[in-house]
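The next block holds one structure in the form of structure tokens; read it before the comments.
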Protein chains: 2
Amino acid sequence: MNVAVIGAAYTKFDEHWEKSLRDLATEAGAAAIMDAGITGRDIKALFIGNMSSGRFIGQEHLAALVVDHVGLTPIPATRVEAACASGGLAFRQAYLAIKSGQYDVVVAAGAEKMTDIKGSDAVATLMGAGDQEWESATGLTFTGLYALIARAHMQKFGTTREQMAMVSVNNHKNGSLNPNAQFPKEITVQDVLNSPMIADPLTLLDCSPITDGAAAVVLASEEFAKRTRSPVWVLGSAQASDTLALHHRQSLTEMLATKVASKKAYEQAGLGPEGINIAEVHDCFSINEILAVEDLGFCEKGKGGRFVEEGNIARDGSKPINTAGGLKSIGHPVGATGIRQVADLVRQLRGEYGQLQVKGARTGLALNIGGSGATAVVNIFGAEPRNNR
Amino acid sequence: MNVAVIGAAYTKFDEHWEKSLRDLATEAGAAAIMDAGITGRDIKALFIGNMSSGRFIGQEHLAALVVDHVGLTPIPATRVEAACASGGLAFRQAYLAIKSGQYDVVVAAGAEKMTDIKGSDAVATLMGAGDQEWESATGLTFTGLYALIARAHMQKFGTTREQMAMVSVNNHKNGSLNPNAQFPKEITVQDVLNSPMIADPLTLLDCSPITDGAAAVVLASEEFAKRTRSPVWVLGSAQASDTLALHHRQSLTEMLATKVASKKAYEQAGLGPEGINIAEVHDCFSINEILAVEDLGFCEKGKGGRFVEEGNIARDGSKPINTAGGLKSIGHPVGATGIRQVADLVRQLRGEYGQLQVKGARTGLALNIGGSGATAVVNIFGAEPRNNR
């Protein structure tokens with residue numbers, strides 16, 4: 001059975017001092033429902049991705065909070081969590097729930113309110129995505145983990161600081177056109193290199209920000225979706241795991257979970273990396289976009305830096321990436337990001353994304369990563385359904 | 001397609017000072033796999049229920065932690081959360097994942113390590129299951145919320161303190177036979193009434209304890225399950241939501257989510273409350289078992305206290321409930337409880353539960369509740385599959 005995304009929206013990603021998490025989730029959910037042209041009564045279940053509302057705002061049981069606040073009780077509401085991949089997982093659970101035949105219309109949302117606690121506490125909370133007993137205890141932060149990855153990639157493949165900076169430059173250039181981006185402004189390679197050092201070699205502008213925001217998409221069965229104005233079809237969906245701690249990996253310079261998940265998703269979709277027109281990848285740190293283009297097969301392993309430098313990821317390049325700004329420019333409310341990626345692909349594949357539109361985009365891939373790569377979720381979308389599924 | 005549970009296990013529920021959450025989850029998972037007579041290579045995905053590892057032990061991204069520690073990477077691993085219903089939800093997601101056709105063998109686990117922080121912090125953490133902005137801010141604890149429910153039930157229906165105490169007495173009597181119970185000892189009505197007052201009218205022995213523990217079950221497609229030694233069949237599975245805050249409810253004395261979820265599960269199973277031989281219900285506080293027997297339709301609304309007093313819930317009664325000790329005697333590691341309930345039903349329906357065996361049990365129901373009733377999950381099991389599904 002084919003499954004489609006029939007509605008998509010996200011709030012402005014920002015520091016929202018006057019809105020709580022329930023407000024943001026409701027705003028995104030209502031906008032997605034409006035976008036789908038359906039009503040709340042059509043919705044049979046809700047999934048929400050959130051990493052750490054317990055620590056950020058003292059609130060667990062988040063799916064019940066949201067389904068209550070949006071007035072959709074008694075439908076089932078489920079929170080899923082896999083650190084920064086929570087949104088991608090929420091999407092995948094909604095997809096499986098429709099495939100199971102139990103529901104025909106399901107909302108997948110993601111939300112995170114990160115600015116209600118002080119910055120150092122937010123950094124400690126985010127480190128909950130890594131191995132608390134073996135990594136956090138040594139004083140590692142997430143920037144520190146990705147700095148280790150960056151150094152290894154530089155040493156092994158000759159990747160340069162400038163190439164990493166070009167990732168941030170590309171994504172900010174795209175994000176400068178996105179009214180929902182937290183930092184909608186262009187930056188230069190020199191800006192990145194000159195910004196404060198966070199964990200050598202990563203500077204402030206290699207790092208995605210701390211953000212409040214929510215995103216929501218509506219998924220539907222083929223039968224229901226065909227009656228809606230502009231369905232975008234799920235061609236493949238897969239998820240994989242890797243060791244939680246970085247020091248247990250065979251290699252620091254590739255993400256096994258990305259490779260396993262994308263291989264499965266490509267098989268389901270019946271196309272390979274060359275068949276993907278655009279991609280949303282997980283640029284939590286600039287180096288991670290370089291790993292992503294390699295591990296997704298967009299270029300050879302070790303050539304990611306050059307792939308970026310040659311302009312392939314630009315809007316008019318061979319493989320436009322993070323066409324609405326990515327985590328770097330749009331912001332990274334961790335649980336919301338995976339759903340935001342899907343929402344941006346849906347708009348692109350509908351061909352209705354205004355000044356952000358990439359011409360001719362008919363297929364798109366979203367890669368959402370949890371922690372330093374222990375979870376990877378890959379979803380592939382098409383403007384048309386795959387016929388033989 | 002029928003789905004079965006082919007393996008089940010749980011650790012001793014206790015204060016585990018020398019084991020971490022990953023140790024407990026691994027112990028339960030390995031035992032469940034052994035019980036199923038399969039190997040780790042058969043397992044295609046993992047779901048784990050956990051309420052608040054972020055606050056209890058500083059660790060999010062729990063599914064990746066566990067799948068890594070048990071050596072099953074790169075299979076997909078997903079954490080789900082709905083407060084104390086997290087385990088029931090993990091079971092349900094595993095069930096839907098098999099129904100979707102993507103996997104044939106899936107592990108559903110639950111784990112919580114609650115004793116690594118001090119008691120008052122544990123109480124505050126548990127209150128994350130309620131409405132943080134509107135309930136916690138008034139100083140309410142979970143015992144306080146259930147005390148309000150108890151007072152309303154006493155006033156409206158004449159339910160007595162003694163009847164509530166009899167719930168704890170029944171469950172401890174059953175738990176006294178369970179070597180994995182945290183408090184395997186018999187108590188009397190007088191013990192309950194004389195124990196320290198926590199939130200009037202609930203005393204210490206009306207309340208389930210704070211516990212460390214993990215539970216795991218293996219689910220399989222019909223085709224796979226038929227090749228195993230003792231499958232127990234899922235006859236129905238449903239989930240529903242209610243308002244997060246107690247003060248938004250139409251009634252304090254019934255749980256709408258339980259009623260909605262059980263109605264759906266009964267329909268799927270093709271049987272009603274009278275067709276259920278035994279049940280595991282969510283006795284987080286004694287009053288909640290009284291609401292449960294009413295809302296599940298085992299007796300009329302308002303007659304739950306009398307139903308208990310008349311001995312119906314005893315091992316040799318008309319509807320044996322919490323036959324292995326319930327949350328009260330076995331303990332309540334919140335994310336693990338929903339899976340532990342399933343594990344106890346599986347053992348009963350196999351007819352292999354030794355001194356805990358209830359004779360002639362062929363069907364069983366598990367009710368797992370999150371918070372003060374904002375989430376309810378009902379799963380119904382049978383010794384035989386339902387033929388017409």
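Residue numbering restarts at 1 in every chain; chains get A, B, ... in the order shown in the structure tokens, and ligands count up from 1 in that same order.
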
Spatial neighbours of Lys319 of chain B, max dist 8 Å, only C-alpha atoms, sep filter under 2 positions, as a PDB file with C-alpha atoms, in the first residue's frame:
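Final output, saved to out26.pdb:
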```pdb
ATOM      1  CA  ILE B 276     -11.538 -12.417  29.807  1.00  0.00           C
ATOM      2  CA  ASN B 277     -10.251 -15.050  32.248  1.00  0.00           C
ATOM      3  CA  ILE B 278      -7.542 -13.007  33.997  1.00  0.00           C
ATOM      4  CA  ALA B 279      -6.269  -9.442  33.869  1.00  0.00           C
ATOM      5  CA  PHE B 298     -15.765  -6.385  34.810  1.00  0.00           C
ATOM      6  CA  ASN B 312     -13.794 -11.623  42.683  1.00  0.00           C
ATOM      7  CA  ILE B 313     -10.210 -10.512  42.032  1.00  0.00           C
ATOM      8  CA  ALA B 314      -8.608 -13.304  44.073  1.00  0.00           C
ATOM      9  CA  ARG B 315      -6.717 -16.173  42.414  1.00  0.00           C
ATOM     10  CA  GLY B 317     -12.284 -15.612  42.290  1.00  0.00           C
ATOM     11  CA  ILE B 321      -6.462  -9.812  38.759  1.00  0.00           C
TER      12      ILE B 321
END
```

Using only C-alpha atoms, tabulate the residues of chain A lying at most 7 Å from any atom of chain B, each with its closest atom pair and that distance in Å to one decimal, by chain and increasing residue number, as a Markdown table.
```
| residue | atom | partner | partner_atom | distance |
| --- | --- | --- | --- | --- |
| A:Ser52 | CA | B:Gly54 | CA | 6.8 |
| A:Gly54 | CA | B:Arg55 | CA | 6.6 |
| A:Arg55 | CA | B:Arg55 | CA | 6.2 |
| A:Gly58 | CA | B:Gly128 | CA | 5.8 |
| A:Gln59 | CA | B:Gly128 | CA | 4.5 |
| A:Glu60 | CA | B:Gly128 | CA | 4.8 |
| A:His61 | CA | B:Ala82 | CA | 4.6 |
| A:Ala64 | CA | B:Leu244 | CA | 6.0 |
| A:Leu65 | CA | B:Leu244 | CA | 5.6 |
| A:Asp68 | CA | B:Thr243 | CA | 5.1 |
| A:Thr73 | CA | B:Ser241 | CA | 5.4 |
| A:Pro74 | CA | B:Ser241 | CA | 4.3 |
| A:Ile75 | CA | B:Ala240 | CA | 5.3 |
| A:Pro76 | CA | B:Ala240 | CA | 4.5 |
| A:Ala77 | CA | B:Ser241 | CA | 6.6 |
| A:Thr78 | CA | B:Ala82 | CA | 6.6 |
| A:Arg79 | CA | B:Glu81 | CA | 5.3 |
| A:Val80 | CA | B:Val80 | CA | 4.3 |
| A:Glu81 | CA | B:Arg79 | CA | 5.3 |
| A:Ala82 | CA | B:His61 | CA | 4.7 |
| A:Ala83 | CA | B:His61 | CA | 5.1 |
| A:Leu96 | CA | B:Ser100 | CA | 5.7 |
| A:Ala97 | CA | B:Leu96 | CA | 6.0 |
| A:Lys99 | CA | B:Ser100 | CA | 4.8 |
| A:Ser100 | CA | B:Ser100 | CA | 3.6 |
| A:Gly128 | CA | B:Gln59 | CA | 4.5 |
| A:Ala129 | CA | B:His61 | CA | 5.1 |
| A:Gln132 | CA | B:Gln59 | CA | 5.7 |
| A:Gln239 | CA | B:Pro76 | CA | 5.3 |
| A:Ala240 | CA | B:Pro76 | CA | 4.5 |
| A:Ser241 | CA | B:Pro74 | CA | 4.3 |
| A:Asp242 | CA | B:Thr73 | CA | 5.5 |
| A:Thr243 | CA | B:Asp68 | CA | 5.1 |
| A:Leu244 | CA | B:Leu65 | CA | 5.6 |
| A:Ala257 | CA | B:Pro74 | CA | 6.4 |
| A:Ala374 | CA | B:Ala64 | CA | 6.0 |
| A:Thr375 | CA | B:Ala64 | CA | 6.6 |
```

Across B:Gly297, B:Pro231, B:Gly338, B:Gly325, the smallest distance to Gly382 of chain B, with only C-alpha atoms counted, is shown by B:Pro231

Q.
Please extract the residues of segment 135-184 of chain B with a backbone DSSP assignment of helix (DSSP H, G or I) and present them as a ChimeraX atom specification.
A. /B:136-138,142-157,161-175

What lies within 7 Å of segment 211-217 of chain B using only C-alpha atoms, ignoring chain neighbours under 3 positions off, as a PDB file with N, CA and C atoms, in the first residue's frame?
```pdb
ATOM      1  N   VAL B   5       3.151 -13.564  20.877  1.00  0.00           N
ATOM      2  CA  VAL B   5       4.298 -13.366  21.764  1.00  0.00           C
ATOM      3  C   VAL B   5       4.940 -14.735  21.941  1.00  0.00           C
ATOM      4  N   GLY B   7       8.212 -15.140  23.413  1.00  0.00           N
ATOM      5  CA  GLY B   7       9.176 -15.197  24.517  1.00  0.00           C
ATOM      6  C   GLY B   7       8.903 -14.065  25.480  1.00  0.00           C
ATOM      7  N   ALA B   8       9.175 -14.277  26.760  1.00  0.00           N
ATOM      8  CA  ALA B   8       8.874 -13.251  27.762  1.00  0.00           C
ATOM      9  C   ALA B   8       9.741 -13.444  28.993  1.00  0.00           C
ATOM     10  N   ALA B   9      10.172 -12.327  29.574  1.00  0.00           N
ATOM     11  CA  ALA B   9      10.979 -12.409  30.803  1.00  0.00           C
ATOM     12  C   ALA B   9      11.034 -11.051  31.470  1.00  0.00           C
ATOM     13  N   TYR B  10      11.279 -11.063  32.774  1.00  0.00           N
ATOM     14  CA  TYR B  10      11.660  -9.805  33.432  1.00  0.00           C
ATOM     15  C   TYR B  10      12.649 -10.061  34.547  1.00  0.00           C
ATOM     16  N   THR B  11      13.419  -9.054  34.827  1.00  0.00           N
ATOM     17  CA  THR B  11      14.413  -9.138  35.900  1.00  0.00           C
ATOM     18  C   THR B  11      13.701  -9.107  37.249  1.00  0.00           C
ATOM     19  N   LYS B  12      14.411  -9.422  38.299  1.00  0.00           N
ATOM     20  CA  LYS B  12      13.868  -9.112  39.613  1.00  0.00           C
ATOM     21  C   LYS B  12      13.641  -7.610  39.664  1.00  0.00           C
ATOM     22  N   PHE B  13      12.468  -7.216  40.137  1.00  0.00           N
ATOM     23  CA  PHE B  13      12.189  -5.799  40.356  1.00  0.00           C
ATOM     24  C   PHE B  13      12.669  -5.470  41.764  1.00  0.00           C
ATOM     25  N   ASP B  14      13.491  -4.436  41.896  1.00  0.00           N
ATOM     26  CA  ASP B  14      14.149  -4.207  43.185  1.00  0.00           C
ATOM     27  C   ASP B  14      14.843  -2.849  43.169  1.00  0.00           C
ATOM     28  N   GLU B  15      15.552  -2.538  44.242  1.00  0.00           N
ATOM     29  CA  GLU B  15      16.521  -1.448  44.200  1.00  0.00           C
ATOM     30  C   GLU B  15      17.845  -2.089  43.796  1.00  0.00           C
ATOM     31  N   HIS B  16      18.226  -1.835  42.549  1.00  0.00           N
ATOM     32  CA  HIS B  16      19.437  -2.479  42.028  1.00  0.00           C
ATOM     33  C   HIS B  16      20.614  -1.520  42.103  1.00  0.00           C
ATOM     34  N   LEU B  24      20.239  -4.038  33.260  1.00  0.00           N
ATOM     35  CA  LEU B  24      18.903  -4.597  33.496  1.00  0.00           C
ATOM     36  C   LEU B  24      18.208  -4.920  32.182  1.00  0.00           C
ATOM     37  N   ALA B  25      18.287  -3.984  31.219  1.00  0.00           N
ATOM     38  CA  ALA B  25      17.620  -4.200  29.937  1.00  0.00           C
ATOM     39  C   ALA B  25      18.226  -5.392  29.216  1.00  0.00           C
ATOM     40  N   ALA B  28      17.042  -8.715  30.855  1.00  0.00           N
ATOM     41  CA  ALA B  28      15.665  -9.064  30.489  1.00  0.00           C
ATOM     42  C   ALA B  28      15.592  -9.504  29.036  1.00  0.00           C
ATOM     43  N   GLY B  29      16.275  -8.766  28.164  1.00  0.00           N
ATOM     44  CA  GLY B  29      16.226  -9.088  26.741  1.00  0.00           C
ATOM     45  C   GLY B  29      16.815 -10.450  26.443  1.00  0.00           C
ATOM     46  N   ALA B  32      14.432 -13.154  27.544  1.00  0.00           N
ATOM     47  CA  ALA B  32      13.263 -13.281  26.663  1.00  0.00           C
ATOM     48  C   ALA B  32      13.629 -14.029  25.378  1.00  0.00           C
ATOM     49  N   VAL B 107      11.506  -7.302  19.213  1.00  0.00           N
ATOM     50  CA  VAL B 107      11.514  -7.297  20.677  1.00  0.00           C
ATOM     51  C   VAL B 107      10.867  -6.013  21.183  1.00  0.00           C
ATOM     52  N   ALA B 108       9.964  -6.163  22.142  1.00  0.00           N
ATOM     53  CA  ALA B 108       9.420  -5.012  22.864  1.00  0.00           C
ATOM     54  C   ALA B 108       9.904  -5.109  24.302  1.00  0.00           C
ATOM     55  N   ALA B 109      10.574  -4.061  24.738  1.00  0.00           N
ATOM     56  CA  ALA B 109      11.138  -4.071  26.089  1.00  0.00           C
ATOM     57  C   ALA B 109      10.676  -2.840  26.852  1.00  0.00           C
ATOM     58  N   GLY B 110      10.890  -2.880  28.141  1.00  0.00           N
ATOM     59  CA  GLY B 110      10.635  -1.712  28.982  1.00  0.00           C
ATOM     60  C   GLY B 110      11.658  -1.713  30.085  1.00  0.00           C
ATOM     61  N   ALA B 111      12.125  -0.521  30.464  1.00  0.00           N
ATOM     62  CA  ALA B 111      13.133  -0.463  31.522  1.00  0.00           C
ATOM     63  C   ALA B 111      13.073   0.881  32.212  1.00  0.00           C
ATOM     64  N   GLU B 112      13.343   0.875  33.492  1.00  0.00           N
ATOM     65  CA  GLU B 112      13.470   2.140  34.220  1.00  0.00           C
ATOM     66  C   GLU B 112      14.426   1.923  35.389  1.00  0.00           C
ATOM     67  N   LYS B 113      15.315   2.897  35.593  1.00  0.00           N
ATOM     68  CA  LYS B 113      16.250   2.876  36.723  1.00  0.00           C
ATOM     69  C   LYS B 113      15.913   4.115  37.530  1.00  0.00           C
ATOM     70  N   MET B 114      15.173   3.913  38.622  1.00  0.00           N
ATOM     71  CA  MET B 114      14.582   5.049  39.342  1.00  0.00           C
ATOM     72  C   MET B 114      15.320   5.423  40.631  1.00  0.00           C
ATOM     73  N   THR B 115      16.219   4.556  41.090  1.00  0.00           N
ATOM     74  CA  THR B 115      16.774   4.780  42.428  1.00  0.00           C
ATOM     75  C   THR B 115      18.138   5.460  42.418  1.00  0.00           C
ATOM     76  N   GLY B 331       6.417  -4.267  42.127  1.00  0.00           N
ATOM     77  CA  GLY B 331       7.166  -3.020  41.965  1.00  0.00           C
ATOM     78  C   GLY B 331       6.792  -2.352  40.655  1.00  0.00           C
ATOM     79  N   HIS B 332       7.179  -1.083  40.515  1.00  0.00           N
ATOM     80  CA  HIS B 332       6.716  -0.286  39.376  1.00  0.00           C
ATOM     81  C   HIS B 332       7.842   0.544  38.770  1.00  0.00           C
ATOM     82  N   PRO B 333       8.787  -0.134  38.084  1.00  0.00           N
ATOM     83  CA  PRO B 333       9.767   0.614  37.282  1.00  0.00           C
ATOM     84  C   PRO B 333       8.992   1.121  36.065  1.00  0.00           C
ATOM     85  N   ALA B 336       8.922  -0.123  32.503  1.00  0.00           N
ATOM     86  CA  ALA B 336       8.966  -1.578  32.356  1.00  0.00           C
ATOM     87  C   ALA B 336       7.620  -2.230  32.624  1.00  0.00           C
ATOM     88  N   ILE B 339       5.320  -3.941  29.917  1.00  0.00           N
ATOM     89  CA  ILE B 339       5.873  -5.171  29.346  1.00  0.00           C
ATOM     90  C   ILE B 339       5.830  -6.300  30.383  1.00  0.00           C
ATOM     91  N   ARG B 340       6.115  -5.972  31.627  1.00  0.00           N
ATOM     92  CA  ARG B 340       6.021  -6.977  32.704  1.00  0.00           C
ATOM     93  C   ARG B 340       4.608  -7.567  32.760  1.00  0.00           C
ATOM     94  N   ALA B 343       4.329 -10.061  30.049  1.00  0.00           N
ATOM     95  CA  ALA B 343       5.122 -11.259  30.367  1.00  0.00           C
ATOM     96  C   ALA B 343       4.366 -12.156  31.346  1.00  0.00           C
TER      97      ALA B 343
END
```

Surrounding residues of Ser221 of chain A excluding itself and chain neighbours under 3 positions, 8 Å, only C-alpha atoms, as a short mmCIF file (atom, residue, chain, number, x, y, z; two decimals) with N, CA, C and O atoms, in the first residue's frame:
```cif
data_model
loop_
_atom_site.label_atom_id
_atom_site.label_comp_id
_atom_site.auth_asym_id
_atom_site.auth_seq_id
_atom_site.Cartn_x
_atom_site.Cartn_y
_atom_site.Cartn_z
N MET A 1 0.84 -1.20 0.00
CA MET A 1 0.00 0.00 0.00
C MET A 1 0.89 1.26 0.00
O MET A 1 1.82 1.36 0.79
N ASN A 2 0.60 2.17 -0.90
CA ASN A 2 1.33 3.43 -0.90
C ASN A 2 0.85 4.36 0.22
O ASN A 2 -0.33 4.34 0.58
N VAL A 3 1.78 5.13 0.73
CA VAL A 3 1.47 6.12 1.77
C VAL A 3 1.96 7.47 1.26
O VAL A 3 3.01 7.56 0.63
N ALA A 4 1.19 8.52 1.53
CA ALA A 4 1.58 9.85 1.07
C ALA A 4 1.60 10.84 2.22
O ALA A 4 0.95 10.64 3.25
N ILE A 98 0.22 3.35 9.40
CA ILE A 98 -0.70 3.32 8.24
C ILE A 98 -0.50 2.02 7.46
O ILE A 98 -1.46 1.36 7.08
N LYS A 99 0.75 1.63 7.26
CA LYS A 99 1.03 0.38 6.55
C LYS A 99 0.40 -0.82 7.27
O LYS A 99 0.05 -1.82 6.63
N ASP A 104 -5.93 5.35 8.67
CA ASP A 104 -5.77 5.87 7.31
C ASP A 104 -5.15 7.28 7.29
O ASP A 104 -4.54 7.66 6.30
N VAL A 105 -5.31 8.04 8.38
CA VAL A 105 -4.73 9.39 8.43
C VAL A 105 -4.05 9.58 9.79
O VAL A 105 -4.69 9.40 10.84
N PHE A 224 -7.03 7.50 0.75
CA PHE A 224 -7.40 8.82 1.27
C PHE A 224 -6.61 9.91 0.52
O PHE A 224 -7.15 10.95 0.15
N ALA A 225 -5.33 9.65 0.29
CA ALA A 225 -4.45 10.68 -0.28
C ALA A 225 -4.88 11.09 -1.68
O ALA A 225 -4.73 12.26 -2.08
#
```

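Atom pair atom CA of Asp283 of chain A / atom CA of Pro320 of chain A: separated by 13.8 Å.
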
Please provide the set of residues having any atom within 10 Å of Ile187 of chain A, restricted to only C-alpha atoms, with same-chain residues fewer than 5 positions apart removed, written as a list in words.
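Close residues of Ile187 of chain A: Ala165, Met166, Ser168, Val169, Asn170, Asn171, His172, Lys173, Ser176, Val192 and Leu205 of chain A.
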
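Across the structure, atom CA of Gly272 of chain A and atom CA of Gly305 of chain A are spaced 21.2 Å apart.
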
Taking only C-alpha atoms into account, name the residue in B:Asn368, B:Gln355, B:Ser251, B:Thr228 that is nearest to Val281 of chain B.
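Going through B:Asn368, B:Gln355, B:Ser251, B:Thr228 one by one, the smallest distance to Val281 of chain B is for B:Asn368.
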
- If you measure from atom CA of Ala150 of chain A to atom CA of Leu202 of chain A, what distance in Å do you get, rounded to one decimal?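 About the pair atom CA of Ala150 of chain A and atom CA of Leu202 of chain A: they are 7.9 Å apart.
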
Nearest candidate to Tyr103 of chain A (options A:Ala31, A:Leu349, A:Val234, A:Leu46; using only C-alpha atoms)
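Of A:Ala31, A:Leu349, A:Val234, A:Leu46, the one nearest Tyr103 of chain A, counting only C-alpha atoms, is A:Leu46.
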
Judged by only C-alpha atoms, the minimum distance to Ile117 of chain A among A:Ile43, A:Ile149, A:Ile198, A:Ile210 is found for A:Ile210

Counting only C-alpha atoms, the residue of A:Val334, A:Ala361, A:Met164, A:Ala147 that sits nearest Leu193 of chain A:
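Counting only C-alpha atoms, the residue closest to Leu193 of chain A is A:Met164.
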